[in-house]
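Shown below: my_file.csv, with CSV, C-alpha atoms.
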chain,number,residue,atom,x,y,z
B,1,MET,CA,171.1,-180.8,109.8
B,2,ARG,CA,173.6,-183.6,109.3
B,3,THR,CA,176.4,-181.0,109.0
B,4,THR,CA,175.4,-179.3,112.3
B,5,ARG,CA,175.5,-182.7,114.1
B,6,ASN,CA,179.0,-183.4,112.8
B,7,HIS,CA,180.2,-180.0,113.9
B,8,LEU,CA,178.7,-180.5,117.3
B,9,ARG,CA,180.4,-184.0,117.6
B,10,THR,CA,183.7,-182.6,116.4
B,11,GLY,CA,183.4,-179.6,118.8
B,12,THR,CA,182.6,-181.9,121.7
B,13,ARG,CA,185.5,-184.2,120.9
B,14,THR,CA,187.9,-181.3,120.7
B,15,ALA,CA,186.7,-179.9,124.0
B,16,ALA,CA,187.0,-183.3,125.7
B,17,GLY,CA,190.5,-183.7,124.3
B,18,VAL,CA,191.6,-180.2,125.5
B,19,LEU,CA,190.1,-180.9,128.9
B,20,LEU,CA,191.9,-184.3,129.1
B,21,VAL,CA,195.3,-182.7,128.2
B,22,ALA,CA,194.7,-180.0,130.8
B,23,VAL,CA,193.9,-182.5,133.5
B,24,LEU,CA,196.9,-184.8,132.7
B,25,SER,CA,199.2,-181.8,132.6
B,26,ALA,CA,198.1,-180.7,136.0
B,27,CYS,CA,198.6,-184.2,137.4
B,28,GLY,CA,202.0,-184.8,135.9
B,29,SER,CA,205.4,-183.6,137.3
B,30,GLY,CA,206.2,-181.8,134.0
B,31,THR,CA,209.5,-183.7,133.7
B,32,GLY,CA,208.3,-187.1,132.6
B,33,ASP,CA,210.7,-188.7,135.0
B,34,ASP,CA,209.3,-190.4,138.1
B,35,SER,CA,212.8,-191.3,139.4
B,36,GLY,CA,211.8,-195.0,139.7
B,37,THR,CA,209.2,-194.4,142.3
B,38,ASP,CA,205.9,-196.4,142.4
B,39,ALA,CA,202.5,-195.0,143.0
B,40,GLY,CA,201.8,-194.7,146.7
B,41,THR,CA,205.4,-193.9,147.7
B,42,ASP,CA,206.4,-190.6,149.3
B,43,ALA,CA,208.5,-189.1,146.5
B,44,GLY,CA,206.3,-186.0,146.0
B,45,THR,CA,206.0,-184.7,149.5
B,46,THR,CA,206.7,-181.1,150.5
B,47,SER,CA,209.5,-182.1,152.9
B,48,ASP,CA,211.2,-184.1,150.2
B,49,ALA,CA,211.2,-181.1,147.9
B,50,ALA,CA,212.5,-178.8,150.6
B,51,ALA,CA,215.2,-181.1,152.0
B,52,GLY,CA,216.2,-182.9,148.8
B,53,ASP,CA,216.5,-186.6,148.5
B,54,ASP,CA,219.9,-187.1,150.1
B,55,TRP,CA,218.3,-189.1,152.9
B,56,ARG,CA,217.2,-191.7,150.3
B,57,THR,CA,220.9,-192.6,149.9
B,58,VAL,CA,221.6,-193.2,153.5
B,59,ASP,CA,222.8,-196.7,154.4
B,60,ALA,CA,220.3,-197.4,157.2
B,61,CYS,CA,222.5,-200.3,158.5
B,62,THR,CA,225.0,-197.6,159.7
B,63,LEU,CA,222.4,-195.8,161.9
B,64,LEU,CA,222.6,-198.1,164.9
B,65,THR,CA,225.6,-199.4,166.8
B,66,ALA,CA,226.1,-202.6,168.8
B,67,ASP,CA,225.4,-200.5,172.0
B,68,ASP,CA,222.2,-199.2,170.5
B,69,LEU,CA,221.0,-202.7,169.7
B,70,ALA,CA,222.0,-204.2,173.1
B,71,PRO,CA,218.6,-203.5,174.8
B,72,TYR,CA,216.9,-205.7,172.2
B,73,LEU,CA,219.2,-208.4,171.0
B,74,GLU,CA,221.1,-211.1,172.8
B,75,ASP,CA,223.9,-210.8,170.3
B,76,PRO,CA,224.0,-207.2,169.2
B,77,ALA,CA,227.1,-207.8,167.0
B,78,THR,CA,224.8,-209.4,164.4
B,79,PRO,CA,225.1,-207.4,161.2
B,80,GLY,CA,222.1,-205.6,159.9
B,81,VAL,CA,220.5,-206.6,156.6
B,82,ASP,CA,219.4,-204.0,154.1
B,83,ASP,CA,215.6,-203.8,154.1
B,84,SER,CA,215.2,-200.8,151.8
B,85,ALA,CA,212.0,-200.7,149.7
B,86,ASP,CA,210.2,-198.1,147.6
B,87,GLY,CA,213.0,-195.5,147.9
B,88,ARG,CA,212.9,-195.8,151.7
B,89,PRO,CA,216.3,-196.8,153.3
B,90,GLY,CA,215.8,-199.5,155.8
B,91,CYS,CA,217.8,-202.1,157.8
B,92,VAL,CA,216.8,-205.0,160.1
B,93,TRP,CA,218.8,-206.7,162.8
B,94,GLU,CA,217.4,-210.0,164.1
B,95,GLY,CA,218.2,-211.9,167.3
B,96,ALA,CA,219.1,-215.6,167.5
B,97,ASP,CA,215.9,-216.3,169.4
B,98,GLY,CA,213.7,-215.7,166.3
B,99,PHE,CA,211.6,-213.0,168.1
B,100,ALA,CA,213.9,-210.1,168.9
B,101,SER,CA,214.6,-207.7,166.1
B,102,VAL,CA,215.1,-204.0,165.3
B,103,ARG,CA,214.0,-202.4,162.1
B,104,VAL,CA,214.8,-198.8,161.1
B,105,MET,CA,213.4,-197.1,158.1
B,106,LEU,CA,213.7,-193.5,156.8
B,107,TRP,CA,210.7,-192.1,155.0
B,108,ALA,CA,208.4,-189.2,154.3
B,109,PRO,CA,204.8,-190.1,154.8
B,110,PRO,CA,202.5,-188.8,152.0
B,111,ALA,CA,199.9,-187.8,154.6
B,112,PRO,CA,201.7,-187.0,157.9
B,113,GLU,CA,198.4,-186.4,159.7
B,114,VAL,CA,197.7,-190.1,159.4
B,115,GLN,CA,200.9,-191.0,161.3
B,116,GLN,CA,200.2,-188.2,163.8
B,117,GLY,CA,197.2,-190.0,165.1
B,118,GLY,CA,199.1,-192.4,167.4
B,119,ASP,CA,199.9,-192.0,171.0
B,120,ALA,CA,202.4,-189.1,171.5
B,121,LEU,CA,206.0,-189.9,172.4
B,122,THR,CA,208.7,-187.3,172.9
B,123,VAL,CA,212.0,-188.2,171.3
B,124,GLY,CA,214.5,-185.5,172.2
B,125,ASP,CA,213.0,-182.4,170.5
B,126,ALA,CA,211.0,-184.4,168.0
B,127,ALA,CA,207.4,-185.7,168.2
B,128,GLY,CA,206.9,-189.5,167.9
B,129,TYR,CA,203.7,-191.3,167.3
B,130,VAL,CA,203.3,-194.8,168.7
B,131,THR,CA,201.4,-197.3,166.5
B,132,SER,CA,201.7,-200.2,168.9
B,133,GLN,CA,203.4,-201.0,172.2
B,134,THR,CA,203.8,-204.1,174.4
B,135,ALA,CA,206.1,-204.9,177.3
B,136,THR,CA,208.7,-206.0,174.8
B,137,SER,CA,208.0,-204.1,171.6
B,138,CYS,CA,207.4,-200.7,170.1
B,139,LEU,CA,206.4,-199.4,166.7
B,140,VAL,CA,206.9,-195.7,166.5
B,141,ASP,CA,207.2,-193.0,163.8
B,142,VAL,CA,209.3,-189.9,164.6
B,143,GLU,CA,208.6,-186.7,162.8
B,144,ALA,CA,211.9,-185.2,161.7
B,145,GLU,CA,213.7,-183.5,158.9
B,146,PRO,CA,214.9,-184.4,156.3
B,147,ALA,CA,213.0,-187.6,156.8
B,148,TRP,CA,210.8,-189.3,159.4
B,149,VAL,CA,212.3,-192.3,161.3
B,150,GLN,CA,210.3,-195.5,161.8
B,151,LEU,CA,211.5,-197.8,164.5
B,152,ASP,CA,210.0,-201.2,165.0
B,153,ALA,CA,211.8,-202.9,167.9
B,154,ARG,CA,211.1,-206.2,169.7
B,155,ALA,CA,213.3,-207.1,172.6
B,156,SER,CA,214.1,-210.5,174.1
B,157,SER,CA,212.1,-210.6,177.3
B,158,ASP,CA,215.1,-211.2,179.5
B,159,LEU,CA,216.7,-208.0,178.3
B,160,VAL,CA,213.8,-205.7,179.2
B,161,PRO,CA,214.7,-203.7,182.3
B,162,ASP,CA,212.7,-204.2,185.5
B,163,GLY,CA,209.7,-201.8,185.8
B,164,VAL,CA,209.2,-201.5,182.0
B,165,ASP,CA,205.8,-202.6,180.9
B,166,ASP,CA,203.3,-202.3,178.1
B,167,THR,CA,202.8,-198.6,178.8
B,168,THR,CA,206.5,-197.6,179.1
B,169,PHE,CA,208.5,-199.7,176.7
B,170,CYS,CA,208.5,-197.1,174.0
B,171,SER,CA,209.5,-194.2,176.2
B,172,GLU,CA,212.0,-196.1,178.3
B,173,VAL,CA,213.6,-198.3,175.7
B,174,ALA,CA,212.8,-197.3,172.2
B,175,ALA,CA,212.9,-193.5,172.4
B,176,PRO,CA,216.7,-193.4,173.2
B,177,THR,CA,217.2,-195.7,170.2
B,178,ALA,CA,215.1,-193.5,167.9
B,179,GLN,CA,217.1,-190.5,169.2
B,180,ALA,CA,220.4,-192.2,168.2
B,181,VAL,CA,219.1,-192.6,164.7
B,182,LEU,CA,218.0,-189.0,164.6
B,183,ASP,CA,221.4,-187.9,165.7
B,184,ARG,CA,223.1,-189.8,163.0
B,185,VAL,CA,220.7,-188.8,160.2
B,186,GLY,CA,221.2,-185.1,161.0
Can I see the file as structure tokens?
Amino acid sequence: MRTTRNHLRTGTRTAAGVLLVAVLSACGSGTGDDSGTDAGTDAGTTSDAAAGDDWRTVDACTLLTADDLAPYLEDPATPGVDDSADGRPGCVWEGADGFASVRVMLWAPPAPEVQQGGDALTVGDAAGYVTSQTATSCLVDVEAEPAWVQLDARASSDLVPDGVDDTTFCSEVAAPTAQAVLDRVG
């Protein structure tokens, strides 16, 4: 009886070990190299695999010109500051007033359907999804290849054109800026 119990225990442990190895193998990338990405980043998305990771090396501070920044910042000649994080190229330009700023980030959302839940915004031929909008600000994610574009723009109130309000800032002011980024990313 004692021998049968030991065989059962050994067989159960062996089966559990085989199952654990199978589960871990299915979850792993097979290469053992995570390319420096952290859990929760977008490194494993389908669009990354199809398009490659070239967009991850883009200098986001080259994606907007002084003319692109003029609708938001009093002094659009202010250089951008690299704001990259978690393998997502980013850049932020800040106005002297402490409020106005423009932030651009390239990324591939791990669950695009979550981003697609915002209010729709057409940006050229691309679909944009507004997360928030006021009469002087817009946070929008634009679905594009090889990477999505996130634009978080806050304008000095004296730069906002007449007739633009909390329902039109994204379409009238931010959409052309997002289109400029898309044109430069390719």
Please identify all polymer residues within 12 Å of B:Ser132, counting all atoms listed in the file, omitting same-chain residues fewer than 3 positions from it, and present them as a CSV table (one decimal) with C-alpha atoms, in the coordinates of the input.
chain,number,residue,atom,x,y,z
B,115,GLN,CA,200.9,-191.0,161.3
B,117,GLY,CA,197.2,-190.0,165.1
B,118,GLY,CA,199.1,-192.4,167.4
B,119,ASP,CA,199.9,-192.0,171.0
B,120,ALA,CA,202.4,-189.1,171.5
B,121,LEU,CA,206.0,-189.9,172.4
B,128,GLY,CA,206.9,-189.5,167.9
B,129,TYR,CA,203.7,-191.3,167.3
B,135,ALA,CA,206.1,-204.9,177.3
B,136,THR,CA,208.7,-206.0,174.8
B,137,SER,CA,208.0,-204.1,171.6
B,138,CYS,CA,207.4,-200.7,170.1
B,139,LEU,CA,206.4,-199.4,166.7
B,140,VAL,CA,206.9,-195.7,166.5
B,141,ASP,CA,207.2,-193.0,163.8
B,151,LEU,CA,211.5,-197.8,164.5
B,152,ASP,CA,210.0,-201.2,165.0
B,153,ALA,CA,211.8,-202.9,167.9
B,154,ARG,CA,211.1,-206.2,169.7
B,166,ASP,CA,203.3,-202.3,178.1
B,167,THR,CA,202.8,-198.6,178.8
B,168,THR,CA,206.5,-197.6,179.1
B,169,PHE,CA,208.5,-199.7,176.7
B,170,CYS,CA,208.5,-197.1,174.0
B,174,ALA,CA,212.8,-197.3,172.2
When you look at B:Pro89 with a cut-off of 8 Å (counting all atoms listed in the file), what residues show up, excluding the ones that are within fewer than 5 positions of it in the same chain? I need them as a list in words.
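Contacts, in chain order: Trp55, Arg56, Thr57, Val58, Asp59, Ala60, Asp82, Asp83, Ser84, Met105, Leu106 and Trp107 of chain B.
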Write out as a VMD selection string which residues come within 9 Å of B:Leu159 when counting all atoms listed in the file, dropping same-chain ones fewer than 3 positions away.
chain B and resid 70 to 74 136 155 to 156
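Remark: for B:Gly124, the closest of the candidate residues B:Asp183, B:Asp158, B:Asp165, B:Asp75 is B:Asp183 (distances computed over only C-alpha atoms).
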List as an mmCIF file with C-alpha atoms, keeping the file's coordinate frame: which residues have an atom within 9 Å of (219.8, -215.1, 168.6), counting only C-alpha atoms?
data_model
loop_
_atom_site.group_PDB
_atom_site.id
_atom_site.type_symbol
_atom_site.label_atom_id
_atom_site.label_comp_id
_atom_site.auth_asym_id
_atom_site.auth_seq_id
_atom_site.Cartn_x
_atom_site.Cartn_y
_atom_site.Cartn_z
ATOM 1 C CA LEU B 73 219.200 -208.400 171.000
ATOM 2 C CA GLU B 74 221.100 -211.100 172.800
ATOM 3 C CA ASP B 75 223.900 -210.800 170.300
ATOM 4 C CA PRO B 76 224.000 -207.200 169.200
ATOM 5 C CA THR B 78 224.800 -209.400 164.400
ATOM 6 C CA GLU B 94 217.400 -210.000 164.100
ATOM 7 C CA GLY B 95 218.200 -211.900 167.300
ATOM 8 C CA ALA B 96 219.100 -215.600 167.500
ATOM 9 C CA ASP B 97 215.900 -216.300 169.400
ATOM 10 C CA GLY B 98 213.700 -215.700 166.300
ATOM 11 C CA PHE B 99 211.600 -213.000 168.100
ATOM 12 C CA ALA B 100 213.900 -210.100 168.900
#
Between B:Leu182, B:Ser157, B:Asp125, B:Thr177, which is the closest to B:Asp67 once you count only C-alpha atoms?
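The shortest atom-to-atom distance to B:Asp67 comes from B:Thr177.
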